Every structure is written in structure tokens, then in C-alpha cells.
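Just my_file_24.cif here, mmCIF, C-alpha atoms:
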data_start
loop_
_atom_site.group_PDB
_atom_site.id
_atom_site.type_symbol
_atom_site.label_atom_id
_atom_site.label_comp_id
_atom_site.auth_asym_id
_atom_site.auth_seq_id
_atom_site.Cartn_x
_atom_site.Cartn_y
_atom_site.Cartn_z
ATOM 1 C CA MET M 7 14.358 18.166 21.619
ATOM 2 C CA ALA M 8 14.668 19.237 25.220
ATOM 3 C CA ALA M 9 10.936 18.672 25.668
ATOM 4 C CA THR M 10 11.156 15.008 24.648
ATOM 5 C CA LYS M 11 14.145 14.453 26.934
ATOM 6 C CA LEU M 12 12.207 16.011 29.761
ATOM 7 C CA GLN M 13 9.228 13.803 28.956
ATOM 8 C CA ALA M 14 11.499 10.756 28.897
ATOM 9 C CA PHE M 15 12.825 11.701 32.325
ATOM 10 C CA TRP M 16 9.365 12.471 33.707
ATOM 11 C CA ASN M 17 7.931 9.139 32.532
ATOM 12 C CA HIS M 18 10.986 7.033 33.367
ATOM 13 C CA PRO M 19 10.237 3.915 35.498
ATOM 14 C CA ALA M 20 12.680 5.288 38.064
ATOM 15 C CA GLY M 21 11.633 8.888 37.486
ATOM 16 C CA PRO M 22 10.101 11.599 39.659
ATOM 17 C CA LYS M 23 6.666 9.961 39.684
ATOM 18 C CA THR M 24 8.168 7.015 41.565
ATOM 19 C CA ILE M 25 9.734 6.260 44.927
ATOM 20 C CA HIS M 26 12.855 4.993 43.098
ATOM 21 C CA PHE M 27 13.648 8.629 42.438
ATOM 22 C CA TRP M 28 12.555 10.345 45.647
ATOM 23 C CA ALA M 29 14.047 7.971 48.210
ATOM 24 C CA PRO M 30 17.657 8.310 46.981
ATOM 25 C CA THR M 31 17.108 12.002 46.213
ATOM 26 C CA PHE M 32 15.891 12.702 49.733
ATOM 27 C CA LYS M 33 18.942 10.942 51.119
ATOM 28 C CA TRP M 34 20.776 14.164 50.241
ATOM 29 C CA GLY M 35 18.911 15.634 53.205
ATOM 30 C CA ILE M 36 21.132 13.668 55.573
ATOM 31 C CA SER M 37 24.276 15.284 54.166
ATOM 32 C CA ILE M 38 22.603 18.712 54.073
ATOM 33 C CA ALA M 39 21.549 18.328 57.722
ATOM 34 C CA ASN M 40 25.127 17.379 58.565
ATOM 35 C CA ILE M 41 26.445 20.450 56.737
ATOM 36 C CA ALA M 42 23.986 22.624 58.684
ATOM 37 C CA ASP M 43 25.355 21.012 61.830
ATOM 38 C CA PHE M 44 28.942 22.072 60.946
ATOM 39 C CA ALA M 45 28.008 25.321 62.696
ATOM 40 C CA LYS M 46 27.135 23.575 65.951
ATOM 41 C CA PRO M 47 29.708 23.178 68.724
ATOM 42 C CA PRO M 48 31.531 19.831 68.660
ATOM 43 C CA GLU M 49 30.215 19.004 72.145
ATOM 44 C CA LYS M 50 26.829 18.355 70.547
ATOM 45 C CA ILE M 51 28.124 15.891 67.960
ATOM 46 C CA SER M 52 27.296 12.260 68.615
ATOM 47 C CA TYR M 53 30.164 9.821 68.037
ATOM 48 C CA PRO M 54 27.939 6.774 67.419
ATOM 49 C CA GLN M 55 25.697 8.630 64.987
ATOM 50 C CA GLN M 56 28.506 10.116 62.904
ATOM 51 C CA VAL M 57 30.459 6.830 62.820
ATOM 52 C CA ALA M 58 27.266 5.128 61.588
ATOM 53 C CA VAL M 59 26.668 7.830 58.947
ATOM 54 C CA ALA M 60 30.270 7.636 57.697
ATOM 55 C CA CYS M 61 30.289 3.799 57.561
ATOM 56 C CA THR M 62 26.890 3.616 55.833
ATOM 57 C CA GLY M 63 28.089 6.176 53.294
ATOM 58 C CA LEU M 64 31.289 4.255 52.551
ATOM 59 C CA ILE M 65 29.572 0.858 52.228
ATOM 60 C CA TRP M 66 26.706 2.133 50.050
ATOM 61 C CA SER M 67 29.168 4.100 47.872
ATOM 62 C CA ARG M 68 30.921 0.884 46.983
ATOM 63 C CA TYR M 69 27.731 -1.081 46.432
ATOM 64 C CA SER M 70 26.078 1.559 44.280
ATOM 65 C CA LEU M 71 28.852 0.939 41.758
ATOM 66 C CA VAL M 72 28.489 -2.855 41.688
ATOM 67 C CA ILE M 73 24.708 -3.133 41.443
ATOM 68 C CA THR M 74 22.965 -3.338 38.108
ATOM 69 C CA PRO M 75 22.414 -0.762 36.794
ATOM 70 C CA ARG M 76 25.072 1.420 38.368
ATOM 71 C CA ASN M 77 23.390 4.219 40.246
ATOM 72 C CA LEU M 78 25.559 7.322 40.192
ATOM 73 C CA ASN M 79 22.952 9.390 42.063
ATOM 74 C CA LEU M 80 23.102 6.861 44.899
ATOM 75 C CA PHE M 81 26.904 6.809 44.633
ATOM 76 C CA SER M 82 27.286 10.575 44.919
ATOM 77 C CA VAL M 83 24.825 10.922 47.792
ATOM 78 C CA ASN M 84 26.639 8.237 49.784
ATOM 79 C CA VAL M 85 30.044 9.797 49.052
ATOM 80 C CA ALA M 86 28.650 13.061 50.455
ATOM 81 C CA MET M 87 27.314 11.236 53.540
ATOM 82 C CA ALA M 88 30.686 9.626 54.188
ATOM 83 C CA GLY M 89 32.471 12.953 53.652
ATOM 84 C CA THR M 90 30.260 15.001 55.985
ATOM 85 C CA GLY M 91 30.251 12.222 58.605
ATOM 86 C CA LEU M 92 34.044 11.983 58.575
ATOM 87 C CA TYR M 93 34.366 15.764 58.803
ATOM 88 C CA GLN M 94 32.034 15.931 61.826
ATOM 89 C CA LEU M 95 34.037 13.149 63.469
ATOM 90 C CA SER M 96 37.281 15.035 62.827
ATOM 91 C CA ARG M 97 35.816 18.172 64.455
ATOM 92 C CA LYS M 98 34.808 16.268 67.571
ATOM 93 C CA ILE M 99 38.060 14.287 67.808
ATOM 94 C CA ARG M 100 40.058 17.488 67.382
ATOM 95 C CA GLN M 101 38.174 19.128 70.216
ATOM 96 C CA ASP M 102 38.188 16.127 72.571
ATOM 97 C CA TYR M 103 41.774 14.984 72.095
ATOM 98 C CA PHE M 104 43.814 17.742 70.522
ATOM 99 C CA SER M 105 42.709 20.984 72.079
ATOM 100 C CA ASP M 106 43.857 21.475 75.665
ATOM 101 C CA GLU M 107 43.707 25.277 75.914
ATOM 102 C CA LYS M 108 39.958 25.386 76.475
ATOM 103 C CA ASP M 109 37.909 23.334 78.851
ATOM 104 C CA ALA M 110 36.531 20.406 76.856
ATOM 105 C CA ALA M 111 33.638 19.623 79.248
ATOM 106 C CA PRO M 112 30.222 20.193 77.633
ATOM 107 C CA GLN M 113 28.377 23.276 78.831
ATOM 108 C CA LEU M 114 24.591 23.105 78.907
ATOM 109 C CA GLU M 115 22.821 26.396 78.305
ATOM 110 C CA ALA M 116 20.208 27.282 80.912
ATOM 111 C CA MET K 17 16.233 -26.180 59.258
ATOM 112 C CA SER K 18 19.068 -26.687 56.833
ATOM 113 C CA ALA K 19 16.788 -26.347 53.794
ATOM 114 C CA ALA K 20 15.360 -23.049 55.029
ATOM 115 C CA PHE K 21 18.832 -21.773 55.877
ATOM 116 C CA LYS K 22 20.099 -22.745 52.428
ATOM 117 C CA ALA K 23 17.120 -20.964 50.887
ATOM 118 C CA PHE K 24 18.072 -17.849 52.864
ATOM 119 C CA LEU K 25 21.734 -18.095 51.819
ATOM 120 C CA ASN K 26 20.809 -18.384 48.157
ATOM 121 C CA SER K 27 17.974 -15.854 48.215
ATOM 122 C CA PRO K 28 18.114 -13.027 45.640
ATOM 123 C CA VAL K 29 18.247 -10.625 48.577
ATOM 124 C CA GLY K 30 20.434 -12.872 50.721
ATOM 125 C CA PRO K 31 23.894 -12.504 52.256
ATOM 126 C CA LYS K 32 25.659 -13.251 48.980
ATOM 127 C CA THR K 33 24.151 -10.086 47.504
ATOM 128 C CA THR K 34 24.512 -6.378 48.032
ATOM 129 C CA HIS K 35 20.767 -6.179 48.724
ATOM 130 C CA PHE K 36 21.545 -7.720 52.132
ATOM 131 C CA TRP K 37 24.677 -5.846 53.231
ATOM 132 C CA GLY K 38 23.401 -2.358 52.452
ATOM 133 C CA PRO K 39 20.582 -2.701 55.027
ATOM 134 C CA VAL K 40 23.030 -4.337 57.464
ATOM 135 C CA SER K 41 25.098 -1.144 57.363
ATOM 136 C CA ASN K 42 21.929 0.887 57.940
ATOM 137 C CA TRP K 43 21.514 -0.874 61.289
ATOM 138 C CA GLY K 44 24.516 1.162 62.442
ATOM 139 C CA ILE K 45 22.381 4.297 62.319
ATOM 140 C CA ILE K 46 19.624 2.599 64.327
ATOM 141 C CA LEU K 47 21.964 1.224 66.996
ATOM 142 C CA ALA K 48 23.716 4.589 67.270
ATOM 143 C CA SER K 49 20.360 6.285 67.818
ATOM 144 C CA VAL K 50 19.343 3.726 70.452
ATOM 145 C CA ALA K 51 22.613 4.480 72.279
ATOM 146 C CA ASP K 52 21.828 8.190 71.967
ATOM 147 C CA THR K 53 18.459 7.778 73.720
ATOM 148 C CA LYS K 54 20.450 7.483 76.947
ATOM 149 C CA LYS K 55 22.127 10.853 76.420
ATOM 150 C CA PRO K 56 20.679 14.230 77.392
ATOM 151 C CA PRO K 57 18.243 15.593 74.776
ATOM 152 C CA GLU K 58 20.344 18.753 74.375
ATOM 153 C CA MET K 59 22.747 16.668 72.330
ATOM 154 C CA ILE K 60 20.089 15.710 69.787
ATOM 155 C CA SER K 61 20.320 17.417 66.409
ATOM 156 C CA GLY K 62 16.822 18.474 65.346
ATOM 157 C CA ASN K 63 18.002 18.828 61.730
ATOM 158 C CA MET K 64 19.422 15.330 61.482
ATOM 159 C CA THR K 65 16.624 13.606 63.398
ATOM 160 C CA GLY K 66 13.868 15.277 61.360
ATOM 161 C CA VAL K 67 15.603 14.359 58.116
ATOM 162 C CA LEU K 68 16.083 10.753 59.237
ATOM 163 C CA CYS K 69 12.347 10.483 60.027
ATOM 164 C CA VAL K 70 11.379 11.472 56.464
ATOM 165 C CA TYR K 71 14.217 9.432 54.954
ATOM 166 C CA SER K 72 13.176 6.200 56.660
ATOM 167 C CA ALA K 73 9.514 6.692 55.776
ATOM 168 C CA LEU K 74 10.505 7.042 52.098
ATOM 169 C CA PHE K 75 12.744 3.988 52.223
ATOM 170 C CA VAL K 76 10.036 1.784 53.755
ATOM 171 C CA ARG K 77 8.031 2.520 50.596
ATOM 172 C CA PHE K 78 11.144 2.086 48.411
ATOM 173 C CA ALA K 79 11.904 -1.335 49.935
ATOM 174 C CA TRP K 80 8.317 -2.420 49.218
ATOM 175 C CA MET K 81 8.311 -1.236 45.588
ATOM 176 C CA VAL K 82 11.838 -2.185 44.527
ATOM 177 C CA ARG K 83 12.350 -5.480 42.700
ATOM 178 C CA PRO K 84 13.305 -7.833 44.176
ATOM 179 C CA ARG K 85 11.131 -6.718 47.126
ATOM 180 C CA ASN K 86 13.433 -6.202 50.111
ATOM 181 C CA TYR K 87 11.658 -7.049 53.397
ATOM 182 C CA PHE K 88 14.893 -6.747 55.356
ATOM 183 C CA LEU K 89 15.372 -3.148 54.193
ATOM 184 C CA MET K 90 11.714 -2.491 55.003
ATOM 185 C CA VAL K 91 12.043 -3.780 58.575
ATOM 186 C CA THR K 92 15.314 -1.883 58.999
ATOM 187 C CA HIS K 93 13.735 1.429 58.080
ATOM 188 C CA SER K 94 10.573 0.728 60.084
ATOM 189 C CA CYS K 95 12.745 0.303 63.183
ATOM 190 C CA ASN K 96 14.708 3.421 62.362
ATOM 191 C CA GLU K 97 11.466 5.362 61.946
ATOM 192 C CA CYS K 98 10.424 4.389 65.487
ATOM 193 C CA VAL K 99 13.741 5.356 67.053
ATOM 194 C CA GLN K 100 13.976 8.645 65.144
ATOM 195 C CA LEU K 101 10.412 9.652 66.043
ATOM 196 C CA TYR K 102 11.190 8.943 69.693
ATOM 197 C CA GLN K 103 14.367 11.040 69.531
ATOM 198 C CA LEU K 104 12.433 13.802 67.761
ATOM 199 C CA SER K 105 9.881 13.841 70.580
ATOM 200 C CA ARG K 106 12.672 14.094 73.167
ATOM 201 C CA TRP K 107 14.246 16.957 71.212
ATOM 202 C CA ALA K 108 10.897 18.753 70.834
ATOM 203 C CA ARG K 109 10.200 18.463 74.548
ATOM 204 C CA ALA K 110 13.651 19.818 75.413
ATOM 205 C CA GLN K 111 13.141 22.734 73.013
ATOM 206 C CA GLY K 112 9.831 23.674 74.620
ATOM 207 C CA PHE K 113 7.588 22.742 71.698
ATOM 208 C CA MET K 114 5.408 20.530 73.879
ATOM 209 C CA GLU K 115 4.729 23.156 76.569
ATOM 210 C CA LYS K 116 1.066 24.134 76.879
ATOM 211 C CA LYS K 117 1.412 27.089 79.234
ATOM 212 C CA GLU K 118 3.523 29.614 77.382
ATOM 213 C CA LEU K 119 2.844 31.194 74.040
ATOM 214 C CA GLY K 120 5.675 32.475 71.910
ATOM 215 C CA GLY K 121 8.775 30.936 70.429
ATOM 216 C CA PRO K 122 10.520 27.832 71.691
ATOM 217 C CA THR K 123 13.347 28.315 74.158
ATOM 218 C CA VAL K 124 16.166 25.981 74.943
ATOM 219 C CA LYS K 125 15.483 24.779 78.433
ATOM 220 C CA ILE K 126 16.590 21.926 80.606
ATOM 221 C CA ASP K 127 13.719 19.537 81.193
ATOM 222 C CA PRO K 128 13.094 19.483 84.975
ATOM 223 C CA LYS K 129 12.710 15.807 85.746
ATOM 224 C CA PRO K 130 10.793 14.947 88.917
#
Whole structure, C-alpha cells version:
Amino acid sequence: MAATKLQAFWNHPAGPKTIHFWAPTFKWGISIANIADFAKPPEKISYPQQVAVACTGLIWSRYSLVITPRNLNLFSVNVAMAGTGLYQLSRKIRQDYFSDEKDAAPQLEA
Amino acid sequence: MSAAFKAFLNSPVGPKTTHFWGPVSNWGIILASVADTKKPPEMISGNMTGVLCVYSALFVRFAWMVRPRNYFLMVTHSCNECVQLYQLSRWARAQGFMEKKELGGPTVKIDPKP
């Protein structure tokens, strides 16, 4: 029973033999890269890039629910993009505007 | 002029459809990266830039194969591919990957510009 389901998945027109599967699946890489970058200091975060990532995530989240057929894989990956983008923005905003104990100027390592 | 514009407006991948506005939002990533080319390469995230290079390559193929075929998405990701590869080269140079003299691991160094 599981074997036929697996076969159905494998041979699906939007399955893992096709780009329709791998392109949205790889989009998870953007959120994973962002999560890896949570460890980096906020000075290195780019405002334009993270605003773009968050906005793209929000817009595509909405659209993935109104296209036919609904694509929940695309929906979840874009929700994750919006979430990680907004979190990175909050880290940078917190450092630039709300922390005045430490010097907020970026330090470049020699 | 008006007939062509009407054809665009009513196209199955035109501005009345989601197939148009998704790629429009993707231009935000491209424009952000173009703005970031003016910043010092130490600010570039190697993780994110590398991922975006692979992501855009995959979506060029996706835009070609999806039905209806989405040329706008294809052009969008082609442009992003160019910008991300350029940023990746700036990052690699700043990390020392493009040095010929030294052997050993990459070090974070400031690129001495003449």
C-alpha cells in the first residue's frame, strides 16, 4: 500500500522527477540560510534584502492559497521566508534604534 | 498600441492574474541586491547569496516548464541570477577564495583597493 503511494508520488506530474517539485522545495534554502544567519551580528544584516525577503514571503503566501490548485508546500515555504525575514529585521532594528548601551557603529574585522 | 496593451492586460499571465504579481514581488530581492552592491563586501551573507544563486537557476527552468509559460518570471530570475553571482564573486574575493598566492583556508580580510 505504501509502495503504490510512493510510486504515485514519484511519478506525479509535479513530483520529484520534475522542476515543479524541486524549485519550490529548494526555496526552503532561503529560510534555512536566514536561520543560519540568526547567529551573525545584526551589523551584517541588510535592510533592503530582508525587507524584500519578508515582502516576497507575505505576497507569495497569499497567492499560493488563491492559485489553482492550492499549493500548501509553496504556502508554508513563503510563510517561513516572511517569518525569518521579519525576525532578522527585528534584530537589526532593535540594535540600531533600541540599544544605546553599546556602540552601534559596525566594526570590520581586520 | 492599444490592441497590444489590451492583449497584455488580458493575458493569462497578465496583471489581472497572480502569475504577474508574484514575479513583481520578486523584483524586490533583485533591487535590494543591486543596492547592496554599493556596500562593503563584508556585509554580504555567503549563505544567502549562494542559496539565491541556486534558487534563481531552478526558477528560470520552472518558469519555462510551468503552464502557462511565464516569460516574466523567467526574465526576473535571470536578472537575479546575474546580480547574485556578482555578489557571490565579491564575497568570495573578500573571503580570500580568489587569492592565488597563499595556500590554506580562507581568511576574512579587507580587500586593499588601489
Practice problem: Identify, on the basis of all atoms listed in the file, every residue whose closest approach to stretch 75-84 of chain K does not exceed 6 Å; exclude the query and any residue fewer than 2 positions from it along the same chain; express the result as a count of residues only. | Solution: 8
The PyMOL selection byres ((chain K) within 10 of (chain M)) on the file shown: which residues, as JSON, numbers by chain? {"K": [33, 34, 35, 37, 38, 39, 40, 41, 42, 43, 44, 45, 46, 47, 48, 49, 50, 51, 52, 55, 56, 57, 58, 59, 60, 61, 62, 63, 64, 65, 66, 67, 68, 70, 71, 72, 73, 74, 75, 76, 77, 78, 79, 80, 81, 82, 123, 124, 125, 126]}
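The gap separating atom CA of M:Lys98 from atom CA of M:Ala86 is 18.5 Å, in Å to one decimal.
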Students should find that atom CA of K:Pro31 and atom CA of M:Asn84 are spaced 21.1 Å
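Between atom CA of M:Leu12 and atom CA of M:Ser82 the separation is 22.1 Å.
Using only C-alpha atoms, the protein and nucleic acid residues lying no more than 9 Å from M:Phe44, apart from those fewer than 5 places from it along its own chain, are Ala39, Thr90, Tyr93, Gln94 and Arg97 of chain M.
When all atoms listed in the file are used to compute distances to K:Lys54, the closest of the residues K:Ser18, K:Thr92, K:Ser27, K:Gln103 turns out to be K:Gln103.
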